[in-house]
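Participant: My questions will all concern the structure given below.
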Amino acid sequence: MASVTREITIAADADRAWQVLGDFTDGPVRMAPGFVLDSVLSEPGVRTVTFADGTVLREREITVDGRGRRRVYAIVGGTAPPEHDNASIQVSPLTDGRCTVTWTHDVLPAEFAPAWGRNMELVLDLFQKTLEGAQGISI
């Protein structure tokens with residue numbers, strides 16, 4: 001198993017970032033518009049996410065901590081599911097009005113880790129551009 005963690009600092013309030021990340025159903029599209037094309041609740045606690053490259057993943061919500069701004073989920077199916085995946089994403093406020101987003105995936109097989117890391121970096125970059133470019137706009 002491999003563990004992949006990516007972190008980014010965003011010039012946006014932690015509550016604003018959590019408005020997107022705390023939204024289990026629509027959060028993926030709002031987080032990475034263009035990279036994620038669709039996200040729908042396919043059954044209670046499971047979303048189906050469609051990516052621009054045609055990949056479709058089913059993700060089960062494991063836990064959500066609104067006060068701690070942390071969500072845990074797992075990929076449980078789709079067109080290219082890993083053997084095992086468990087992910088957490090957390091928003092932490094900084095004292096200057098910015099926030100840090102920390103995203104971790106534990107994935108099997110370990111060979112998935114480099115691609116996971118590249119995609120996580122791309123998504124976090126899109127999220128940063130979306131939030132920083134949309135100050136005052138409801139996303």
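Convention: chains lettered A, B, ... in structure tokens order; per-chain residue numbering from 1; ligands numbered from 1 as shown.
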For stretch 101-115 of chain A, find every residue with an atom within 8 Å (counting only C-alpha atoms), except residues of its own chain fewer than 5 positions away, and show them as a list of chain:residue names.
Facilitator: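 That gives A:Met1, A:Ala2, A:Ser3, A:Val4, A:Thr5, A:Arg6, A:Glu7, A:Ile8, A:Thr9, A:Ile10, A:Pro82, A:Glu83, A:His84, A:Asp85, A:Asn86, A:Ala87, A:Ser88, A:Ile89, A:Gln90, A:Val91, A:Ser92, A:Met120.
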Participant: Give me, as JSON lines, each residue of stretch 45-100 of chain A that comes within 12 Å of stretch 16-21 of chain A, together with its shortest interatomic pair and the distance in Å at one decimal, counting only C-alpha atoms, with rows ordered by chain and rising residue number.
Facilitator:
```
{"residue": "A:Val64", "atom": "CA", "partner": "A:Leu21", "partner_atom": "CA", "distance": 10.2}
{"residue": "A:Asp65", "atom": "CA", "partner": "A:Trp18", "partner_atom": "CA", "distance": 10.7}
{"residue": "A:Gly66", "atom": "CA", "partner": "A:Trp18", "partner_atom": "CA", "distance": 8.3}
{"residue": "A:Arg67", "atom": "CA", "partner": "A:Trp18", "partner_atom": "CA", "distance": 10.0}
{"residue": "A:Gly68", "atom": "CA", "partner": "A:Trp18", "partner_atom": "CA", "distance": 9.8}
{"residue": "A:Arg69", "atom": "CA", "partner": "A:Trp18", "partner_atom": "CA", "distance": 6.2}
{"residue": "A:Arg70", "atom": "CA", "partner": "A:Leu21", "partner_atom": "CA", "distance": 8.5}
{"residue": "A:Arg71", "atom": "CA", "partner": "A:Leu21", "partner_atom": "CA", "distance": 7.9}
{"residue": "A:Val72", "atom": "CA", "partner": "A:Leu21", "partner_atom": "CA", "distance": 10.9}
{"residue": "A:Tyr73", "atom": "CA", "partner": "A:Leu21", "partner_atom": "CA", "distance": 11.8}
{"residue": "A:Ser88", "atom": "CA", "partner": "A:Leu21", "partner_atom": "CA", "distance": 10.8}
{"residue": "A:Ile89", "atom": "CA", "partner": "A:Leu21", "partner_atom": "CA", "distance": 8.0}
{"residue": "A:Gln90", "atom": "CA", "partner": "A:Leu21", "partner_atom": "CA", "distance": 8.4}
{"residue": "A:Val91", "atom": "CA", "partner": "A:Trp18", "partner_atom": "CA", "distance": 6.6}
{"residue": "A:Ser92", "atom": "CA", "partner": "A:Trp18", "partner_atom": "CA", "distance": 9.4}
{"residue": "A:Pro93", "atom": "CA", "partner": "A:Ala17", "partner_atom": "CA", "distance": 9.7}
{"residue": "A:Gly97", "atom": "CA", "partner": "A:Arg16", "partner_atom": "CA", "distance": 10.5}
{"residue": "A:Arg98", "atom": "CA", "partner": "A:Ala17", "partner_atom": "CA", "distance": 9.7}
{"residue": "A:Cys99", "atom": "CA", "partner": "A:Ala17", "partner_atom": "CA", "distance": 7.9}
{"residue": "A:Thr100", "atom": "CA", "partner": "A:Ala17", "partner_atom": "CA", "distance": 9.3}
```
Participant: For the residues selected in the previous step, produce a file with all heavy atoms as a compact mmCIF listing (two decimals), in the first residue's frame.
Facilitator:
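The resulting file, selection.txt, is shown below:
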```
# COMPACT_ATOMS: atom_id res chain seq x y z
N VAL A 64 -17.76 12.31 8.19
CA VAL A 64 -17.60 13.74 7.97
C VAL A 64 -17.59 14.42 9.34
O VAL A 64 -18.41 14.10 10.20
CB VAL A 64 -18.69 14.32 7.05
CG1 VAL A 64 -20.07 14.15 7.63
CG2 VAL A 64 -18.40 15.76 6.72
N ASP A 65 -16.64 15.31 9.52
CA ASP A 65 -16.52 16.08 10.75
C ASP A 65 -16.60 17.56 10.37
O ASP A 65 -15.60 18.15 9.96
CB ASP A 65 -15.18 15.76 11.43
CG ASP A 65 -14.89 16.63 12.64
OD1 ASP A 65 -15.75 17.46 13.03
OD2 ASP A 65 -13.78 16.50 13.19
N GLY A 66 -17.80 18.11 10.43
CA GLY A 66 -18.01 19.49 10.03
C GLY A 66 -17.23 20.48 10.89
O GLY A 66 -16.68 21.45 10.37
N ARG A 67 -17.17 20.23 12.17
CA ARG A 67 -16.42 21.14 13.07
C ARG A 67 -14.94 21.12 12.76
O ARG A 67 -14.28 22.14 12.78
CB ARG A 67 -16.66 20.77 14.53
CG ARG A 67 -18.06 21.12 15.00
CD ARG A 67 -18.20 20.83 16.45
NE ARG A 67 -17.18 21.59 17.18
CZ ARG A 67 -17.35 22.12 18.35
NH1 ARG A 67 -18.49 22.00 18.96
NH2 ARG A 67 -16.38 22.78 18.94
N GLY A 68 -14.41 19.94 12.47
CA GLY A 68 -12.99 19.80 12.14
C GLY A 68 -12.70 19.99 10.66
O GLY A 68 -11.56 19.90 10.23
N ARG A 69 -13.77 20.21 9.87
CA ARG A 69 -13.67 20.39 8.42
C ARG A 69 -12.87 19.25 7.78
O ARG A 69 -11.95 19.46 7.01
CB ARG A 69 -13.02 21.74 8.08
CG ARG A 69 -13.81 22.95 8.53
CD ARG A 69 -13.10 24.23 8.10
NE ARG A 69 -13.62 25.38 8.77
CZ ARG A 69 -13.13 25.89 9.91
NH1 ARG A 69 -12.10 25.33 10.49
NH2 ARG A 69 -13.66 26.95 10.45
N ARG A 70 -13.28 18.02 8.08
CA ARG A 70 -12.58 16.84 7.57
C ARG A 70 -13.59 15.82 7.06
O ARG A 70 -14.61 15.57 7.70
CB ARG A 70 -11.73 16.21 8.68
CG ARG A 70 -10.96 14.98 8.25
CD ARG A 70 -10.05 14.50 9.39
NE ARG A 70 -9.27 13.37 9.00
CZ ARG A 70 -9.62 12.09 9.21
NH1 ARG A 70 -10.75 11.80 9.84
NH2 ARG A 70 -8.84 11.12 8.81
N ARG A 71 -13.28 15.24 5.92
CA ARG A 71 -14.12 14.21 5.31
C ARG A 71 -13.24 13.01 4.98
O ARG A 71 -12.11 13.16 4.53
CB ARG A 71 -14.76 14.73 4.03
CG ARG A 71 -15.47 13.68 3.21
CD ARG A 71 -16.16 14.22 1.99
NE ARG A 71 -17.04 15.34 2.23
CZ ARG A 71 -18.24 15.26 2.83
NH1 ARG A 71 -18.70 14.10 3.25
NH2 ARG A 71 -18.98 16.33 3.00
N VAL A 72 -13.80 11.81 5.20
CA VAL A 72 -13.13 10.57 4.82
C VAL A 72 -14.06 9.82 3.88
O VAL A 72 -15.27 9.74 4.13
CB VAL A 72 -12.81 9.69 6.05
CG1 VAL A 72 -12.17 8.37 5.63
CG2 VAL A 72 -11.89 10.45 7.02
N TYR A 73 -13.50 9.31 2.80
CA TYR A 73 -14.29 8.56 1.83
C TYR A 73 -13.41 7.47 1.21
O TYR A 73 -12.19 7.46 1.39
CB TYR A 73 -14.87 9.48 0.75
CG TYR A 73 -13.82 10.16 -0.10
CD1 TYR A 73 -13.44 9.63 -1.33
CD2 TYR A 73 -13.19 11.33 0.32
CE1 TYR A 73 -12.47 10.23 -2.11
CE2 TYR A 73 -12.24 11.94 -0.45
CZ TYR A 73 -11.87 11.40 -1.67
OH TYR A 73 -10.91 11.99 -2.43
N SER A 88 -8.77 11.00 2.87
CA SER A 88 -9.26 12.03 3.77
C SER A 88 -8.84 13.38 3.20
O SER A 88 -7.79 13.51 2.57
CB SER A 88 -8.70 11.86 5.19
OG SER A 88 -7.31 12.09 5.20
N ILE A 89 -9.72 14.36 3.42
CA ILE A 89 -9.41 15.73 3.01
C ILE A 89 -9.84 16.64 4.14
O ILE A 89 -10.91 16.46 4.74
CB ILE A 89 -10.07 16.08 1.66
CG1 ILE A 89 -9.47 17.36 1.10
CG2 ILE A 89 -11.58 16.10 1.75
CD1 ILE A 89 -9.67 17.54 -0.39
N GLN A 90 -8.95 17.59 4.49
CA GLN A 90 -9.22 18.44 5.64
C GLN A 90 -8.80 19.87 5.33
O GLN A 90 -7.77 20.12 4.70
CB GLN A 90 -8.46 17.95 6.87
CG GLN A 90 -8.77 18.75 8.11
CD GLN A 90 -8.33 18.05 9.39
OE1 GLN A 90 -7.57 17.10 9.36
NE2 GLN A 90 -8.83 18.53 10.50
N VAL A 91 -9.62 20.80 5.80
CA VAL A 91 -9.36 22.23 5.66
C VAL A 91 -8.97 22.77 7.03
O VAL A 91 -9.70 22.56 8.01
CB VAL A 91 -10.60 22.99 5.15
CG1 VAL A 91 -10.30 24.47 5.01
CG2 VAL A 91 -11.09 22.40 3.84
N SER A 92 -7.84 23.47 7.09
CA SER A 92 -7.38 24.06 8.35
C SER A 92 -7.22 25.56 8.17
O SER A 92 -6.55 26.01 7.22
CB SER A 92 -6.03 23.46 8.76
OG SER A 92 -6.14 22.06 8.90
N PRO A 93 -7.80 26.35 9.07
CA PRO A 93 -7.68 27.80 8.95
C PRO A 93 -6.28 28.27 9.33
O PRO A 93 -5.61 27.67 10.19
CB PRO A 93 -8.71 28.33 9.94
CG PRO A 93 -8.85 27.24 10.96
CD PRO A 93 -8.60 25.95 10.22
N GLY A 97 -6.42 34.57 7.44
CA GLY A 97 -7.60 34.48 6.59
C GLY A 97 -7.47 33.49 5.45
O GLY A 97 -8.42 33.26 4.71
N ARG A 98 -6.31 32.89 5.31
CA ARG A 98 -6.12 31.84 4.31
C ARG A 98 -6.40 30.49 4.98
O ARG A 98 -6.69 30.42 6.16
CB ARG A 98 -4.69 31.86 3.76
CG ARG A 98 -4.34 33.15 3.05
CD ARG A 98 -2.91 33.18 2.55
NE ARG A 98 -1.98 32.88 3.62
CZ ARG A 98 -0.78 32.32 3.45
NH1 ARG A 98 -0.35 32.00 2.27
NH2 ARG A 98 0.00 32.09 4.49
N CYS A 99 -6.29 29.42 4.20
CA CYS A 99 -6.47 28.08 4.75
C CYS A 99 -5.52 27.10 4.06
O CYS A 99 -4.99 27.39 2.99
CB CYS A 99 -7.92 27.61 4.60
SG CYS A 99 -8.45 27.35 2.90
N THR A 100 -5.34 25.98 4.71
CA THR A 100 -4.56 24.89 4.15
C THR A 100 -5.50 23.72 3.91
O THR A 100 -6.32 23.39 4.76
CB THR A 100 -3.43 24.48 5.11
OG1 THR A 100 -2.58 25.60 5.32
CG2 THR A 100 -2.62 23.33 4.54
```
Participant: Restricting the calculation to only C-alpha atoms, which member of A:Glu132, A:Leu126, A:Glu121, A:Gly54 is positioned closest to A:Met31?
Facilitator: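 Among the listed residues, A:Leu126 lies closest to A:Met31.
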Participant: In Å, rounded to a single decimal, give me how far atom CA of A:Ile75 is from atom CA of A:Gly34.
Facilitator: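 Atom CA of A:Gly34 sits 20.5 Å away from atom CA of A:Ile75.
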Participant: Just give me the gap between atom CA of A:Leu124 and atom CA of A:Ala32 in Å, one decimal is fine.
Facilitator: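 Taking atom CA of A:Leu124 and atom CA of A:Ala32, their separation equals 7.8 Å.
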Participant: If you count only C-alpha atoms, which residues fall within 9 Å of A:Asp26, apart from same-chain ones fewer than 6 positions away, as a PDB file with N, CA, C and O atoms, in the first residue's frame?
Facilitator:
```pdb
ATOM      1  N   VAL A  20     -17.404  23.990  -0.112  1.00  0.00           N
ATOM      2  CA  VAL A  20     -17.241  23.140  -1.290  1.00  0.00           C
ATOM      3  C   VAL A  20     -16.913  21.712  -0.867  1.00  0.00           C
ATOM      4  O   VAL A  20     -17.582  20.754  -1.263  1.00  0.00           O
ATOM      5  N   ASP A  38     -19.208  15.484 -13.564  1.00  0.00           N
ATOM      6  CA  ASP A  38     -20.481  15.222 -12.914  1.00  0.00           C
ATOM      7  C   ASP A  38     -20.243  14.475 -11.615  1.00  0.00           C
ATOM      8  O   ASP A  38     -19.286  13.704 -11.493  1.00  0.00           O
ATOM      9  N   SER A  39     -21.118  14.703 -10.674  1.00  0.00           N
ATOM     10  CA  SER A  39     -21.103  13.977  -9.403  1.00  0.00           C
ATOM     11  C   SER A  39     -22.541  13.904  -8.919  1.00  0.00           C
ATOM     12  O   SER A  39     -23.195  14.936  -8.751  1.00  0.00           O
ATOM     13  N   VAL A  40     -23.030  12.677  -8.738  1.00  0.00           N
ATOM     14  CA  VAL A  40     -24.413  12.486  -8.311  1.00  0.00           C
ATOM     15  C   VAL A  40     -24.459  11.473  -7.179  1.00  0.00           C
ATOM     16  O   VAL A  40     -23.632  10.557  -7.108  1.00  0.00           O
ATOM     17  N   LEU A  41     -25.421  11.655  -6.308  1.00  0.00           N
ATOM     18  CA  LEU A  41     -25.656  10.678  -5.251  1.00  0.00           C
ATOM     19  C   LEU A  41     -26.373   9.498  -5.896  1.00  0.00           C
ATOM     20  O   LEU A  41     -27.508   9.619  -6.336  1.00  0.00           O
TER      21      LEU A  41
END
```
Participant: Do you have the atom CA of A:Glu61-atom CA of A:Gly45 distance handy?
Facilitator: 5.4 Å
Participant: Hey, what does DSSP flag as strand (DSSP E) within stretch 3-134 of chain A? Can you give it to me as a PyMOL selection string?
Facilitator: chain A and resi 3-10+36-43+46-51+56-65+70-78+84-93+99-108
Participant: Can you pull out every residue within 9 Å of A:Asp53, counting only C-alpha atoms, but drop anything in the same chain fewer than 2 positions away, and send it as a list in words?
Facilitator: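 Once the adjacent positions are removed, what remains is Phe35, Val36, Thr50, Phe51, Thr55 and Val56 of chain A.
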Participant: Name all residues at most 8 Å from A:Val76 (count only C-alpha atoms; drop same-chain ones fewer than 2 positions away) and give them as a list of chain:residue names.
Facilitator: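 Surrounding residues, per the criterion: A:Leu57, A:Arg58, A:Glu59, A:Arg60, A:Ala74, A:Gly78, A:Pro81, A:His84, A:Asp85.
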Participant: Apply DSSP to the backbone of this structure and, from chain A, keep only the residues in alpha helix (DSSP H); write these as a PyMOL selection string.
Facilitator: chain A and resi 14-21+27-31+113-133
Participant: Mind dumping the selected residues with C-alpha atoms as a PDB file, in the first residue's frame?
Facilitator:
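Saved the output as result.pdb:
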```pdb
ATOM      1  CA  ALA A  14     -11.497  27.923   5.701  1.00  0.00           C
ATOM      2  CA  ASP A  15     -15.292  28.112   5.977  1.00  0.00           C
ATOM      3  CA  ARG A  16     -15.512  29.064   2.305  1.00  0.00           C
ATOM      4  CA  ALA A  17     -13.316  26.119   1.292  1.00  0.00           C
ATOM      5  CA  TRP A  18     -15.374  23.801   3.496  1.00  0.00           C
ATOM      6  CA  GLN A  19     -18.588  24.949   1.780  1.00  0.00           C
ATOM      7  CA  VAL A  20     -17.241  23.140  -1.290  1.00  0.00           C
ATOM      8  CA  LEU A  21     -15.432  20.202   0.330  1.00  0.00           C
ATOM      9  CA  GLY A  27     -18.279  19.150  -4.094  1.00  0.00           C
ATOM     10  CA  PRO A  28     -16.151  17.315  -6.684  1.00  0.00           C
ATOM     11  CA  VAL A  29     -17.563  19.367  -9.589  1.00  0.00           C
ATOM     12  CA  ARG A  30     -17.272  22.598  -7.592  1.00  0.00           C
ATOM     13  CA  MET A  31     -13.722  21.707  -6.533  1.00  0.00           C
ATOM     14  CA  ALA A 113       0.394   6.307  -6.152  1.00  0.00           C
ATOM     15  CA  PRO A 114       2.248   8.403  -8.776  1.00  0.00           C
ATOM     16  CA  ALA A 115      -0.880   8.903 -10.896  1.00  0.00           C
ATOM     17  CA  TRP A 116      -2.955   9.603  -7.773  1.00  0.00           C
ATOM     18  CA  GLY A 117      -0.426  12.237  -6.699  1.00  0.00           C
ATOM     19  CA  ARG A 118      -0.447  13.983 -10.090  1.00  0.00           C
ATOM     20  CA  ASN A 119      -4.247  14.065 -10.165  1.00  0.00           C
ATOM     21  CA  MET A 120      -4.431  15.348  -6.589  1.00  0.00           C
ATOM     22  CA  GLU A 121      -2.018  18.174  -7.481  1.00  0.00           C
ATOM     23  CA  LEU A 122      -4.100  19.076 -10.537  1.00  0.00           C
ATOM     24  CA  VAL A 123      -7.358  19.076  -8.564  1.00  0.00           C
ATOM     25  CA  LEU A 124      -5.896  21.141  -5.713  1.00  0.00           C
ATOM     26  CA  ASP A 125      -4.515  23.648  -8.223  1.00  0.00           C
ATOM     27  CA  LEU A 126      -7.958  23.947  -9.847  1.00  0.00           C
ATOM     28  CA  PHE A 127      -9.572  24.321  -6.421  1.00  0.00           C
ATOM     29  CA  GLN A 128      -7.150  27.085  -5.500  1.00  0.00           C
ATOM     30  CA  LYS A 129      -7.798  28.942  -8.766  1.00  0.00           C
ATOM     31  CA  THR A 130     -11.558  28.514  -8.363  1.00  0.00           C
ATOM     32  CA  LEU A 131     -11.657  29.866  -4.806  1.00  0.00           C
ATOM     33  CA  GLU A 132      -9.103  32.627  -5.278  1.00  0.00           C
ATOM     34  CA  GLY A 133     -10.643  33.728  -8.555  1.00  0.00           C
TER      35      GLY A 133
END
```
